[in-house]
Amino acid sequence: MRIRVQVMFTSVAFVAAATLCLGIGPMAAGAAGAPVAGSSLRGSGSVDEAWLTGANPGDRITLVRHGATVANPANPGPADAFGTLIVRDLTPGPGYRWVDGATGQKSSRFAVLAPGANPRSRSTLYTGQPMHEGLNYITMRDGVKLAATVRYPYGTTCSAASPCPTVLEYSGYGTAGPTDPIPSIIAQALHTPCTNCGDPNLLPDSATAVGSILARVSGFATVSLQMRGTGCSGGAYDLFGYPSDTDAYDAIEIAAHQSWVAAHKVGMVGISYSGLSEFPSAGTDPPDLAAIAPMSPTDDLFSTGYPGGIYNNGFAAGWIGERIDDAKAAASFSGGHLVQSSPTPVANVGQAWTYYEIDAELAASGGASSTCLADQALHGQSESLASLVGPQMVAPGTGPGRKASLFDRRSMIVAASHIKVPVFVSGALQDEQTGPQWPALLNAIPKSTPVFATMVNGNHIDSTDPQTISRWLEFLDIYVAHKVPTQPSALAATILDQFTGFASSVSTQAPLPAIRFTGAPNVAKARAQFTAQTPLVHVLFDNGAGAAGPGAIQSTYSADFSSWPPAGTVKALFFGPNGSLGARAPASRSNSTFTLDPNVRPLTSLPPGGNPWLANPGWDWTTVPAADGIAFQTAPFTAATTIAGPATLDLWVKSATPVEDFQATVTEVRPSAGQEEYVTSGFLRSANQVDKPDSTTLFTDPTYLAGDAKDLSSSAYTLVKIPIDPIVHTFRPGTSLRIVISAPGGDRPAWEFDTLDNGQSATVGLGGAVPSALVVNQVSGVNATATLPACNSLRGEPCRAFPG
């Protein structure tokens with residue numbers, strides 16, 4: 001989930017290592033007091049958990065409540081190498097304290113906090129923490145300090161007399177790196193030396209550019225908030241656990257109470273990780289949150305990590321591994337003190353900018369102190385992400401599947417049901433990282449909440465394309481800045497227009513559309529016009545087929561829909577003999593048998609090291625050998641036919657193997673040209689045959705619970721409903737829709753699968769009592785361009801020879 005914005009780096013000198021006494025910043029009101037007399041232990045309750053510092057490494061620590069040992073698998077437990085410990089999944093309430101079994105020391109008593117039990121809006125936690133331009137450390141309700149860098153609009157100063165509209169960007173990437181990235185970008189663009197670029201080692205991660213660059217050139221101040229347990233923030237990393245969600249609530253309220261924040265309201269922006277975080281953040285319902293604008297989110301961590309209940313050991317596994325490394329402490333422990341482990345970054349241990357920030361803070365204090373260094377204390381207590389990832393979670397017969405206690409509290413779609421503020425969301429329908437299943441979020445958000453979604457074919461970065469970013473800016477002006485939209489400055493227009501192309505190394509893209517509603521007499525009128533002219537779903541079709549050139553960031557036509565899925569005609573396309581796919585199910589039953597062998601194709605559709613964001617990624621999208629898959633194809637369409645919405649493959653299957661994995665890929669075939677173009681895919685481990693109540697004929701939503709698992713039969717057909725990611729595509733006259741069923745793998749550029757398939761066979765029923773069919777939603781009123789896009793021009797949609 002990274003955006004690569006290249007910035008030149010230069011070497012700098014660093015101060016020598018220094019030592020710092022272990023400690024946590026000042027406590028939030030009511031969170032925890034100082035250690036009891038004669039004790040070095042300091043403890044506090046967080047949301048659903050409790051933390052401890054100040055013990056000797058290895059000491060046996062017990063958490064007690066009202067004098068009795070708390071029943072918890074992690075209690076008692078040893079203090080880690082930093083003398084710290086966290087115990088999770090606790091009952092909220094007062095009366096907790098820590099006891100060191102080796103020394104007999106005790107901490108002060110404290111309360112474990114409950115989700116949703118928020119401090120008063122006028123609490124000094126929110127009103128008593130002034131923030132300034134640059135790096136700040138703000139204290140959360142449990143006493144943990146987070147790094148938060150305030151970045152004023154580029155070229156502007158914010159003050160009480162001249163307040164600025166403000167957004168917050170929140171992630172566990174290197175979000176709070178305090179160096180301003182904009183001067184470096186300008187210098188690069190002008191090919192001139194950069195004289196005011198600051199320390200390049202302290203630049204924020206390029207994946208946080210939406211807040212640190214795009215929002216700021218558009219007139220917004222940005223608070224770049226570093227997730228707990230990462231970078232220079234204190235606490236322990238928990239991947240969207242309760243403490244991280246309430247941190248967002250607290251940070252939004254702290255920011256909103258700054259004198260320099262216009263209207264004392266804050267929005268949220270960001271792509272990918274910063275987009276995901278907006279859903280649980282907004283789900284806590286901060287009173288001073290104005291709106292959110294997530295880009296490239298996912299609907300659920302499970303659907304990205306386990307598509308169809310199959311472990312994604314490609315992108316998802318790699319991303320989790322990076323998060324584990326990022327959460328490690330950029331420090332060590334010696335002689336009872338937290339010490340700087342290295343003046344320069346240690347590979348795969350913490351975030352690089354953290355080391356340089358510790359250097360800078362120690363240098364500024366003459367070696368006396370560094371808040372960033374002190375904040376490393378609890379990093380070793382990060383949530384074990386092994387409980388959230390790995391093939392063991394979905395192993396037949398032993399794995400728990402989608403365990404609600406783990407995933408619901410971290411689910412974007414669960415959080416979405418609690419969002420009350422306006423939402424602008426954009427994403428790609430072939431997203432190679434978070435995935436294309438994100439439109440499921442739209443029906444989870446309450447109907448009373450204003451929602452505006454933009455969909456586009458393409459990759460992870462394409463949610464920021466110029467045709468989308470113009471509406472994004474209109475939304476922020478109206479709902480966060482509370483002003484009539486204005487045309488961006490020349491600098492802003494250039495950066496907004498060229499950002500996606502710059503990030504993806506594509507030299508051409510569509511021009512930035514003019515901002516709408518600039519002539520409205522007031523913001524109320526502008527809001528009414530925006531709402532009337534901006535539908536629930538705006539789809540950009542054929543991205544990559546425009547006049548800017550093949551693969552360039554430009555769509556050729558669009559369509560608006562007032563619902564998701566759009567109003568249309570639900571159609572079943574039945575599998576028939578000789579690979580036919582049609583509107584009528586065969587009256588008599590037949591079957592087709594194939595082998596599920598993932599080893600007959602490359603793992604992905606892109607060569608190792610390939611970049612799917614390029615105009616021409618150099619796809620390696622190979623065909624499925626005839627023996628290792630089955631395919632069904634419609635007759636050529638006689639008129640332009642648009643399919644829009646989720647889809648389901650009703651697959652009647654039998655096998656001697658109790659559990660098998662299936663991939664179903666939808667393509668467009670161009671018989672006259674001998675070409676086949678990728679549209680989308682779906683996946684399912686066959687044991688997942690029980691669906692949630694929200695499932696429909698189009699939208700299949702398996703429970704993925706181990707208790708619901710069912711085996712296939714070798715003698716009788718079983719209906720297996722495979723959820724297909726949204727199909728949003730126009731099939732021109734002369735083209736056909738084709739669906740290919742095979743073992744998982746080979747059709748996505750970054751997702752790989754830890755599949756059970758190893759060459760066993762499956763038999764699919766055709767017609768009669770076992771009418772296997774693809775169920776789709778056909779819509780009318782879409783005015784597609786007549787010209788068929790060139791093969792391999794559409795972004796995110798590789799094209800190959802047919803038959804291969």
# chains A, B, ... in the order shown; residues from 1 in each chain; ligands from 1

$ closest_atom_pairs --of "segment 458-494 of chain A" --to "segment 168-192 of chain A" --cutoff "12 Å" --atoms "only C-alpha atoms" --output "Markdown table"
| residue | atom | partner | partner_atom | distance |
| --- | --- | --- | --- | --- |
| A:Val480 | CA | A:Leu168 | CA | 11.1 |
| A:Leu491 | CA | A:Ile186 | CA | 9.2 |
| A:Ala492 | CA | A:Ile182 | CA | 11.0 |
| A:Thr494 | CA | A:Ile186 | CA | 10.6 |

$ select_by_dssp --residues "segment 738-767 of chain A" --states "strand (DSSP E)" --output "list in words"
Arg738, Ile739, Val740, Ile741, Ser742, Gln760, Ser761, Ala762, Thr763, Val764, Gly765 and Leu766 of chain A

$ write_last_selection --atoms "N, CA, C and O atoms" --output "compact mmCIF listing (two decimals), in the first residue's frame"
# COMPACT_ATOMS: atom_id res chain seq x y z
N ARG A 738 -16.36 -14.11 -21.26
CA ARG A 738 -15.83 -15.46 -21.01
C ARG A 738 -15.53 -15.59 -19.51
O ARG A 738 -15.09 -14.64 -18.87
N ILE A 739 -15.78 -16.77 -18.96
CA ILE A 739 -15.40 -17.05 -17.58
C ILE A 739 -14.57 -18.31 -17.54
O ILE A 739 -14.90 -19.32 -18.19
N VAL A 740 -13.44 -18.24 -16.81
CA VAL A 740 -12.49 -19.34 -16.72
C VAL A 740 -12.40 -19.77 -15.26
O VAL A 740 -12.18 -18.94 -14.37
N ILE A 741 -12.57 -21.08 -14.99
CA ILE A 741 -12.47 -21.61 -13.63
C ILE A 741 -11.22 -22.46 -13.56
O ILE A 741 -10.98 -23.34 -14.40
N SER A 742 -10.40 -22.19 -12.53
CA SER A 742 -9.11 -22.87 -12.40
C SER A 742 -8.67 -22.84 -10.94
O SER A 742 -9.39 -22.33 -10.07
N GLN A 760 -5.48 -32.20 -7.96
CA GLN A 760 -6.68 -33.04 -7.86
C GLN A 760 -7.73 -32.57 -8.87
O GLN A 760 -7.63 -31.48 -9.42
N SER A 761 -8.75 -33.36 -9.08
CA SER A 761 -9.75 -33.02 -10.09
C SER A 761 -11.03 -32.54 -9.45
O SER A 761 -11.31 -32.77 -8.27
N ALA A 762 -11.85 -31.85 -10.25
CA ALA A 762 -13.17 -31.41 -9.86
C ALA A 762 -14.09 -31.58 -11.06
O ALA A 762 -13.67 -31.40 -12.20
N THR A 763 -15.33 -31.93 -10.78
CA THR A 763 -16.33 -32.10 -11.83
C THR A 763 -17.44 -31.09 -11.63
O THR A 763 -18.00 -30.99 -10.53
N VAL A 764 -17.72 -30.31 -12.66
CA VAL A 764 -18.72 -29.24 -12.59
C VAL A 764 -19.96 -29.68 -13.36
O VAL A 764 -19.87 -30.16 -14.50
N GLY A 765 -21.13 -29.50 -12.73
CA GLY A 765 -22.38 -29.86 -13.36
C GLY A 765 -22.87 -28.79 -14.32
O GLY A 765 -22.73 -27.59 -14.05
N LEU A 766 -23.44 -29.21 -15.42
CA LEU A 766 -23.95 -28.31 -16.45
C LEU A 766 -25.41 -28.66 -16.73
O LEU A 766 -25.72 -29.76 -17.22

$ closest_residue --among "A:Thr680, A:Ser218, A:Ser672, A:Thr697" --to "Gly435 of chain A" --atoms "only C-alpha atoms"
A:Thr680

$ closest_residue --among "A:Ala74, A:Ala161, A:Leu581, A:Met140" --to "Asn118 of chain A" --atoms "only C-alpha atoms"
A:Met140

$ closest_residue --among "A:Pro165, A:Pro550, A:Pro646, A:Gly219" --to "Pro565 of chain A" --atoms "only C-alpha atoms"
A:Pro646

$ residues_around --residues "His460 of chain A" --least-positions-apart "3" --cutoff "9 Å" --atoms "only C-alpha atoms" --output "PDB file with N, CA, C and O atoms, in the first residue's frame"
ATOM      1  N   MET A   1       0.835  -1.187   0.000  1.00  0.00           N
ATOM      2  CA  MET A   1       0.000   0.000   0.000  1.00  0.00           C
ATOM      3  C   MET A   1       0.876   1.245   0.000  1.00  0.00           C
ATOM      4  O   MET A   1       0.786   2.114   0.843  1.00  0.00           O
ATOM      5  N   ARG A   2       1.803   1.283  -0.903  1.00  0.00           N
ATOM      6  CA  ARG A   2       2.776   2.367  -0.960  1.00  0.00           C
ATOM      7  C   ARG A   2       2.607   3.180  -2.222  1.00  0.00           C
ATOM      8  O   ARG A   2       2.326   2.646  -3.287  1.00  0.00           O
ATOM      9  N   ILE A   3       2.795   4.474  -2.100  1.00  0.00           N
ATOM     10  CA  ILE A   3       2.912   5.354  -3.255  1.00  0.00           C
ATOM     11  C   ILE A   3       4.358   5.813  -3.297  1.00  0.00           C
ATOM     12  O   ILE A   3       4.882   6.313  -2.308  1.00  0.00           O
ATOM     13  N   ILE A 271      -4.768   7.852   1.265  1.00  0.00           N
ATOM     14  CA  ILE A 271      -4.910   6.732   0.352  1.00  0.00           C
ATOM     15  C   ILE A 271      -4.353   5.483   1.012  1.00  0.00           C
ATOM     16  O   ILE A 271      -3.398   5.549   1.799  1.00  0.00           O
ATOM     17  N   SER A 272      -4.946   4.334   0.695  1.00  0.00           N
ATOM     18  CA  SER A 272      -4.441   3.054   1.145  1.00  0.00           C
ATOM     19  C   SER A 272      -4.500   2.962   2.663  1.00  0.00           C
ATOM     20  O   SER A 272      -5.573   3.039   3.249  1.00  0.00           O
ATOM     21  N   MET A 295      -9.244   7.035  -0.017  1.00  0.00           N
ATOM     22  CA  MET A 295      -8.910   6.553  -1.352  1.00  0.00           C
ATOM     23  C   MET A 295      -8.311   5.154  -1.244  1.00  0.00           C
ATOM     24  O   MET A 295      -7.523   4.881  -0.334  1.00  0.00           O
ATOM     25  N   SER A 296      -8.684   4.280  -2.170  1.00  0.00           N
ATOM     26  CA  SER A 296      -8.142   2.923  -2.243  1.00  0.00           C
ATOM     27  C   SER A 296      -8.218   2.173  -0.915  1.00  0.00           C
ATOM     28  O   SER A 296      -7.217   1.640  -0.437  1.00  0.00           O
ATOM     29  N   GLY A 427     -11.811   4.502  -5.611  1.00  0.00           N
ATOM     30  CA  GLY A 427     -10.984   3.310  -5.688  1.00  0.00           C
ATOM     31  C   GLY A 427     -11.013   2.706  -7.071  1.00  0.00           C
ATOM     32  O   GLY A 427     -11.875   3.009  -7.897  1.00  0.00           O
ATOM     33  N   ALA A 428     -10.040   1.831  -7.312  1.00  0.00           N
ATOM     34  CA  ALA A 428      -9.914   1.165  -8.602  1.00  0.00           C
ATOM     35  C   ALA A 428     -10.544  -0.220  -8.535  1.00  0.00           C
ATOM     36  O   ALA A 428     -10.584  -0.855  -7.486  1.00  0.00           O
ATOM     37  N   LEU A 429     -10.997  -0.700  -9.675  1.00  0.00           N
ATOM     38  CA  LEU A 429     -11.713  -1.968  -9.749  1.00  0.00           C
ATOM     39  C   LEU A 429     -10.812  -3.142 -10.131  1.00  0.00           C
ATOM     40  O   LEU A 429     -11.293  -4.264 -10.292  1.00  0.00           O
ATOM     41  N   GLN A 430      -9.514  -2.886 -10.258  1.00  0.00           N
ATOM     42  CA  GLN A 430      -8.529  -3.953 -10.391  1.00  0.00           C
ATOM     43  C   GLN A 430      -7.374  -3.689  -9.415  1.00  0.00           C
ATOM     44  O   GLN A 430      -6.230  -4.065  -9.682  1.00  0.00           O
ATOM     45  N   ASP A 431      -7.680  -3.061  -8.289  1.00  0.00           N
ATOM     46  CA  ASP A 431      -6.655  -2.690  -7.309  1.00  0.00           C
ATOM     47  C   ASP A 431      -5.806  -3.910  -6.949  1.00  0.00           C
ATOM     48  O   ASP A 431      -6.321  -4.912  -6.456  1.00  0.00           O
ATOM     49  N   GLU A 432      -4.503  -3.813  -7.195  1.00  0.00           N
ATOM     50  CA  GLU A 432      -3.617  -4.967  -7.005  1.00  0.00           C
ATOM     51  C   GLU A 432      -3.158  -5.120  -5.557  1.00  0.00           C
ATOM     52  O   GLU A 432      -2.513  -6.120  -5.209  1.00  0.00           O
ATOM     53  N   GLN A 433      -3.483  -4.159  -4.705  1.00  0.00           N
ATOM     54  CA  GLN A 433      -3.015  -4.221  -3.324  1.00  0.00           C
ATOM     55  C   GLN A 433      -4.178  -4.490  -2.361  1.00  0.00           C
ATOM     56  O   GLN A 433      -4.370  -5.622  -1.925  1.00  0.00           O
ATOM     57  N   THR A 434      -4.956  -3.481  -2.038  1.00  0.00           N
ATOM     58  CA  THR A 434      -6.070  -3.690  -1.119  1.00  0.00           C
ATOM     59  C   THR A 434      -7.185  -4.503  -1.755  1.00  0.00           C
ATOM     60  O   THR A 434      -7.961  -5.155  -1.053  1.00  0.00           O
ATOM     61  N   GLY A 435      -7.293  -4.477  -3.082  1.00  0.00           N
ATOM     62  CA  GLY A 435      -8.281  -5.288  -3.780  1.00  0.00           C
ATOM     63  C   GLY A 435      -9.467  -4.494  -4.277  1.00  0.00           C
ATOM     64  O   GLY A 435      -9.742  -3.389  -3.805  1.00  0.00           O
ATOM     65  N   SER A 463      -7.004   5.758  -7.984  1.00  0.00           N
ATOM     66  CA  SER A 463      -8.039   6.472  -7.222  1.00  0.00           C
ATOM     67  C   SER A 463      -7.726   7.948  -7.082  1.00  0.00           C
ATOM     68  O   SER A 463      -8.579   8.728  -6.655  1.00  0.00           O
ATOM     69  N   THR A 464      -6.509   8.361  -7.449  1.00  0.00           N
ATOM     70  CA  THR A 464      -6.113   9.767  -7.336  1.00  0.00           C
ATOM     71  C   THR A 464      -6.067  10.466  -8.691  1.00  0.00           C
ATOM     72  O   THR A 464      -5.522  11.576  -8.789  1.00  0.00           O
ATOM     73  N   TRP A 613       1.629  -0.064 -12.260  1.00  0.00           N
ATOM     74  CA  TRP A 613       1.174   1.316 -12.433  1.00  0.00           C
ATOM     75  C   TRP A 613       1.656   1.934 -13.740  1.00  0.00           C
ATOM     76  O   TRP A 613       1.163   2.984 -14.150  1.00  0.00           O
TER      77      TRP A 613
END

$ select_by_dssp --residues "segment 94-236 of chain A" --states "alpha helix (DSSP H)" --output "ChimeraX atom specification"
/A:124-127,182-190,209,215-217

$ residues_around --residues "Tyr126 of chain A" --least-positions-apart "6" --cutoff "10 Å" --atoms "only C-alpha atoms" --output "list in words"
Ala28, Pro119, Arg120, Ile138, Thr139, Met140, Arg141, Asp250, Ala251, Ile252, Glu253, Ile254, Ala255, Ala256, His257 and Gln258 of chain A

$ closest_residue --among "A:Asp757, A:Asp142, A:Asp100, A:Asp199" --to "Asp661 of chain A" --atoms "only C-alpha atoms"
A:Asp757

$ closest_residue --among "A:Thr222, A:Ser714, A:Thr166, A:Thr667" --to "Thr149 of chain A" --atoms "only C-alpha atoms"
A:Thr222

$ atom_distance --atom1 "atom CA of Gly707 of chain A" --atom2 "atom CA of Gly308 of chain A"
16.1 Å

$ closest_atom_pairs --of "segment 187-261 of chain A" --to "segment 40-57 of chain A" --cutoff "8 Å" --atoms "only C-alpha atoms" --output "JSON lines"
{"residue": "A:Tyr242", "atom": "CA", "partner": "A:Val47", "partner_atom": "CA", "distance": 6.1}
{"residue": "A:Pro243", "atom": "CA", "partner": "A:Val47", "partner_atom": "CA", "distance": 5.4}
{"residue": "A:Thr246", "atom": "CA", "partner": "A:Val47", "partner_atom": "CA", "distance": 7.8}

$ residues_around --residues "Asp747 of chain A" --least-positions-apart "5" --cutoff "7 Å" --atoms "only C-alpha atoms" --output "PyMOL selection string"
chain A and resi 604-605+621

$ write_last_selection --atoms "C-alpha atoms" --output "tab-separated table (two decimals), in the first residue's frame"
chain	number	residue	atom	x	y	z
A	604	THR	CA	0.97	-13.62	-10.77
A	605	SER	CA	0.15	-11.82	-14.00
A	621	TRP	CA	-0.76	-12.98	-18.11

$ atom_distance --atom1 "atom CA of Val451 of chain A" --atom2 "atom CA of Val425 of chain A"
7.7 Å

$ closest_residue --among "A:Ala374, A:Met227, A:Met455, A:Ile461" --to "Val506 of chain A" --atoms "only C-alpha atoms"
A:Ile461

$ residues_around --residues "Thr700 of chain A" --least-positions-apart "2" --cutoff "10 Å" --atoms "only C-alpha atoms" --output "PyMOL selection string"
chain A and resi 646-650+690-698+702-703+721-725

$ write_last_selection --atoms "all heavy atoms" --output "short mmCIF file (atom, residue, chain, number, x, y, z; two decimals), in the first residue's frame"
data_model
loop_
_atom_site.label_atom_id
_atom_site.label_comp_id
_atom_site.auth_asym_id
_atom_site.auth_seq_id
_atom_site.Cartn_x
_atom_site.Cartn_y
_atom_site.Cartn_z
N PRO A 646 -21.58 -6.21 -8.29
CA PRO A 646 -20.96 -7.48 -7.91
C PRO A 646 -21.58 -8.61 -8.72
O PRO A 646 -22.62 -8.44 -9.36
CB PRO A 646 -21.31 -7.61 -6.42
CG PRO A 646 -22.57 -6.82 -6.26
CD PRO A 646 -22.46 -5.68 -7.25
N ALA A 647 -20.95 -9.76 -8.71
CA ALA A 647 -21.46 -10.92 -9.43
C ALA A 647 -21.21 -12.16 -8.60
O ALA A 647 -20.41 -12.16 -7.66
CB ALA A 647 -20.80 -11.04 -10.80
N THR A 648 -21.90 -13.22 -8.95
CA THR A 648 -21.74 -14.50 -8.24
C THR A 648 -21.67 -15.62 -9.26
O THR A 648 -22.42 -15.63 -10.25
CB THR A 648 -22.91 -14.74 -7.28
OG1 THR A 648 -22.80 -13.86 -6.16
CG2 THR A 648 -22.91 -16.17 -6.74
N LEU A 649 -20.78 -16.57 -9.01
CA LEU A 649 -20.73 -17.78 -9.82
C LEU A 649 -21.37 -18.91 -9.02
O LEU A 649 -20.85 -19.31 -7.97
CB LEU A 649 -19.30 -18.14 -10.18
CG LEU A 649 -19.13 -19.46 -10.95
CD1 LEU A 649 -19.90 -19.43 -12.26
CD2 LEU A 649 -17.66 -19.76 -11.21
N ASP A 650 -22.52 -19.39 -9.48
CA ASP A 650 -23.18 -20.54 -8.88
C ASP A 650 -22.57 -21.80 -9.51
O ASP A 650 -22.89 -22.15 -10.64
CB ASP A 650 -24.68 -20.50 -9.13
CG ASP A 650 -25.37 -19.37 -8.39
OD1 ASP A 650 -24.80 -18.87 -7.41
OD2 ASP A 650 -26.47 -18.98 -8.81
N VAL A 690 -21.67 -21.45 3.54
CA VAL A 690 -22.72 -20.76 4.28
C VAL A 690 -22.51 -19.26 4.15
O VAL A 690 -21.42 -18.75 4.41
CB VAL A 690 -22.73 -21.17 5.77
CG1 VAL A 690 -23.79 -20.39 6.54
CG2 VAL A 690 -22.96 -22.66 5.90
N ASP A 691 -23.56 -18.54 3.74
CA ASP A 691 -23.45 -17.11 3.47
C ASP A 691 -24.18 -16.29 4.53
O ASP A 691 -25.14 -16.75 5.16
CB ASP A 691 -24.02 -16.79 2.09
CG ASP A 691 -23.27 -17.53 0.99
OD1 ASP A 691 -22.05 -17.74 1.14
OD2 ASP A 691 -23.92 -17.90 -0.01
N LYS A 692 -23.75 -15.05 4.69
CA LYS A 692 -24.37 -14.14 5.63
C LYS A 692 -25.74 -13.68 5.12
O LYS A 692 -26.02 -13.75 3.91
CB LYS A 692 -23.47 -12.92 5.85
CG LYS A 692 -22.14 -13.22 6.52
CD LYS A 692 -21.31 -11.96 6.67
CE LYS A 692 -19.95 -12.25 7.28
NZ LYS A 692 -19.12 -11.01 7.37
N PRO A 693 -26.58 -13.16 6.03
CA PRO A 693 -27.93 -12.74 5.61
C PRO A 693 -27.95 -11.62 4.58
O PRO A 693 -28.95 -11.43 3.89
CB PRO A 693 -28.56 -12.28 6.94
CG PRO A 693 -27.82 -13.01 7.99
CD PRO A 693 -26.42 -13.13 7.48
N ASP A 694 -26.85 -10.84 4.47
CA ASP A 694 -26.85 -9.74 3.50
C ASP A 694 -26.60 -10.22 2.07
O ASP A 694 -26.61 -9.42 1.14
CB ASP A 694 -25.82 -8.67 3.88
CG ASP A 694 -24.38 -9.18 3.83
OD1 ASP A 694 -24.18 -10.41 3.90
OD2 ASP A 694 -23.46 -8.35 3.75
N SER A 695 -26.39 -11.51 1.88
CA SER A 695 -26.13 -12.04 0.55
C SER A 695 -27.38 -11.98 -0.32
O SER A 695 -28.51 -12.09 0.17
CB SER A 695 -25.64 -13.49 0.64
OG SER A 695 -24.40 -13.56 1.33
N THR A 696 -27.17 -11.76 -1.61
CA THR A 696 -28.26 -11.72 -2.59
C THR A 696 -27.88 -12.61 -3.77
O THR A 696 -26.82 -13.26 -3.76
CB THR A 696 -28.49 -10.28 -3.09
OG1 THR A 696 -27.33 -9.85 -3.84
CG2 THR A 696 -28.72 -9.31 -1.94
N THR A 697 -28.71 -12.64 -4.79
CA THR A 697 -28.36 -13.42 -5.97
C THR A 697 -27.10 -12.88 -6.64
O THR A 697 -26.34 -13.63 -7.25
CB THR A 697 -29.51 -13.42 -6.98
OG1 THR A 697 -29.89 -12.07 -7.27
CG2 THR A 697 -30.72 -14.17 -6.44
N LEU A 698 -26.86 -11.56 -6.51
CA LEU A 698 -25.66 -10.95 -7.09
C LEU A 698 -24.48 -10.96 -6.14
O LEU A 698 -23.34 -11.19 -6.55
CB LEU A 698 -25.96 -9.49 -7.47
CG LEU A 698 -26.61 -9.17 -8.80
CD1 LEU A 698 -26.88 -7.69 -8.89
CD2 LEU A 698 -25.74 -9.64 -9.96
N PRO A 702 -19.83 -14.93 2.15
CA PRO A 702 -19.67 -16.09 3.02
C PRO A 702 -19.33 -15.68 4.46
O PRO A 702 -18.72 -14.64 4.70
CB PRO A 702 -18.52 -16.87 2.39
CG PRO A 702 -18.49 -16.41 0.96
CD PRO A 702 -18.88 -14.96 1.02
N THR A 703 -19.70 -16.54 5.41
CA THR A 703 -19.36 -16.27 6.81
C THR A 703 -17.89 -16.49 7.08
O THR A 703 -17.32 -15.88 7.98
CB THR A 703 -20.17 -17.17 7.76
OG1 THR A 703 -19.79 -18.55 7.55
CG2 THR A 703 -21.67 -17.01 7.53
N LYS A 721 -21.06 -21.15 -4.09
CA LYS A 721 -21.30 -19.81 -4.64
C LYS A 721 -20.03 -18.98 -4.48
O LYS A 721 -19.63 -18.64 -3.37
CB LYS A 721 -22.48 -19.16 -3.92
CG LYS A 721 -23.81 -19.90 -4.15
CD LYS A 721 -24.93 -19.31 -3.30
CE LYS A 721 -25.39 -17.95 -3.80
NZ LYS A 721 -26.06 -18.03 -5.11
N ILE A 722 -19.40 -18.69 -5.60
CA ILE A 722 -18.13 -17.95 -5.59
C ILE A 722 -18.39 -16.46 -5.76
O ILE A 722 -18.97 -16.04 -6.78
CB ILE A 722 -17.20 -18.45 -6.72
CG1 ILE A 722 -16.93 -19.95 -6.55
CG2 ILE A 722 -15.89 -17.67 -6.72
CD1 ILE A 722 -16.08 -20.54 -7.66
N PRO A 723 -18.01 -15.64 -4.78
CA PRO A 723 -18.19 -14.19 -4.95
C PRO A 723 -17.22 -13.64 -5.99
O PRO A 723 -16.01 -13.90 -5.92
CB PRO A 723 -17.89 -13.63 -3.56
CG PRO A 723 -17.08 -14.67 -2.87
CD PRO A 723 -17.43 -15.99 -3.49
N ILE A 724 -17.74 -12.92 -6.96
CA ILE A 724 -16.92 -12.30 -8.00
C ILE A 724 -16.81 -10.81 -7.69
O ILE A 724 -17.82 -10.15 -7.39
CB ILE A 724 -17.55 -12.48 -9.40
CG1 ILE A 724 -17.84 -13.96 -9.66
CG2 ILE A 724 -16.65 -11.90 -10.47
CD1 ILE A 724 -16.63 -14.84 -9.77
N ASP A 725 -15.60 -10.28 -7.74
CA ASP A 725 -15.42 -8.85 -7.50
C ASP A 725 -16.20 -8.05 -8.55
O ASP A 725 -16.51 -8.57 -9.63
CB ASP A 725 -13.93 -8.50 -7.53
CG ASP A 725 -13.21 -8.99 -6.29
OD1 ASP A 725 -13.82 -8.97 -5.20
OD2 ASP A 725 -12.05 -9.43 -6.41
#

$ residues_around --residues "Met393 of chain A" --least-positions-apart "2" --cutoff "10 Å" --atoms "only C-alpha atoms" --output "list in words"
Tyr306, Gly309, Ile310, Tyr311, Ala386, Ser387, Leu388, Val389, Gly390, Pro391, Ala395, Pro396, Thr398, Gly399, Pro400, Gly401, Arg402, Lys403 and Ala706 of chain A

$ write_last_selection --atoms "C-alpha atoms" --output "mmCIF file, in the first residue's frame"
data_model
loop_
_atom_site.group_PDB
_atom_site.id
_atom_site.type_symbol
_atom_site.label_atom_id
_atom_site.label_comp_id
_atom_site.auth_asym_id
_atom_site.auth_seq_id
_atom_site.Cartn_x
_atom_site.Cartn_y
_atom_site.Cartn_z
ATOM 1 C CA TYR A 306 -7.823 -14.159 2.741
ATOM 2 C CA GLY A 309 -10.986 -17.752 2.532
ATOM 3 C CA ILE A 310 -7.597 -18.516 0.907
ATOM 4 C CA TYR A 311 -4.476 -17.011 2.473
ATOM 5 C CA ALA A 386 0.540 -13.921 13.750
ATOM 6 C CA SER A 387 -2.973 -14.140 15.200
ATOM 7 C CA LEU A 388 -4.277 -12.205 12.198
ATOM 8 C CA VAL A 389 -2.232 -13.677 9.374
ATOM 9 C CA GLY A 390 -1.001 -16.984 8.073
ATOM 10 C CA PRO A 391 -2.495 -20.051 6.436
ATOM 11 C CA ALA A 395 -6.619 -24.475 7.578
ATOM 12 C CA PRO A 396 -9.490 -26.952 7.074
ATOM 13 C CA THR A 398 -8.163 -26.612 12.554
ATOM 14 C CA GLY A 399 -8.241 -22.908 11.669
ATOM 15 C CA PRO A 400 -10.907 -20.586 13.127
ATOM 16 C CA GLY A 401 -11.525 -18.795 9.829
ATOM 17 C CA ARG A 402 -12.738 -15.233 10.110
ATOM 18 C CA LYS A 403 -12.754 -15.020 13.898
ATOM 19 C CA ALA A 706 -14.842 -22.736 10.752
#
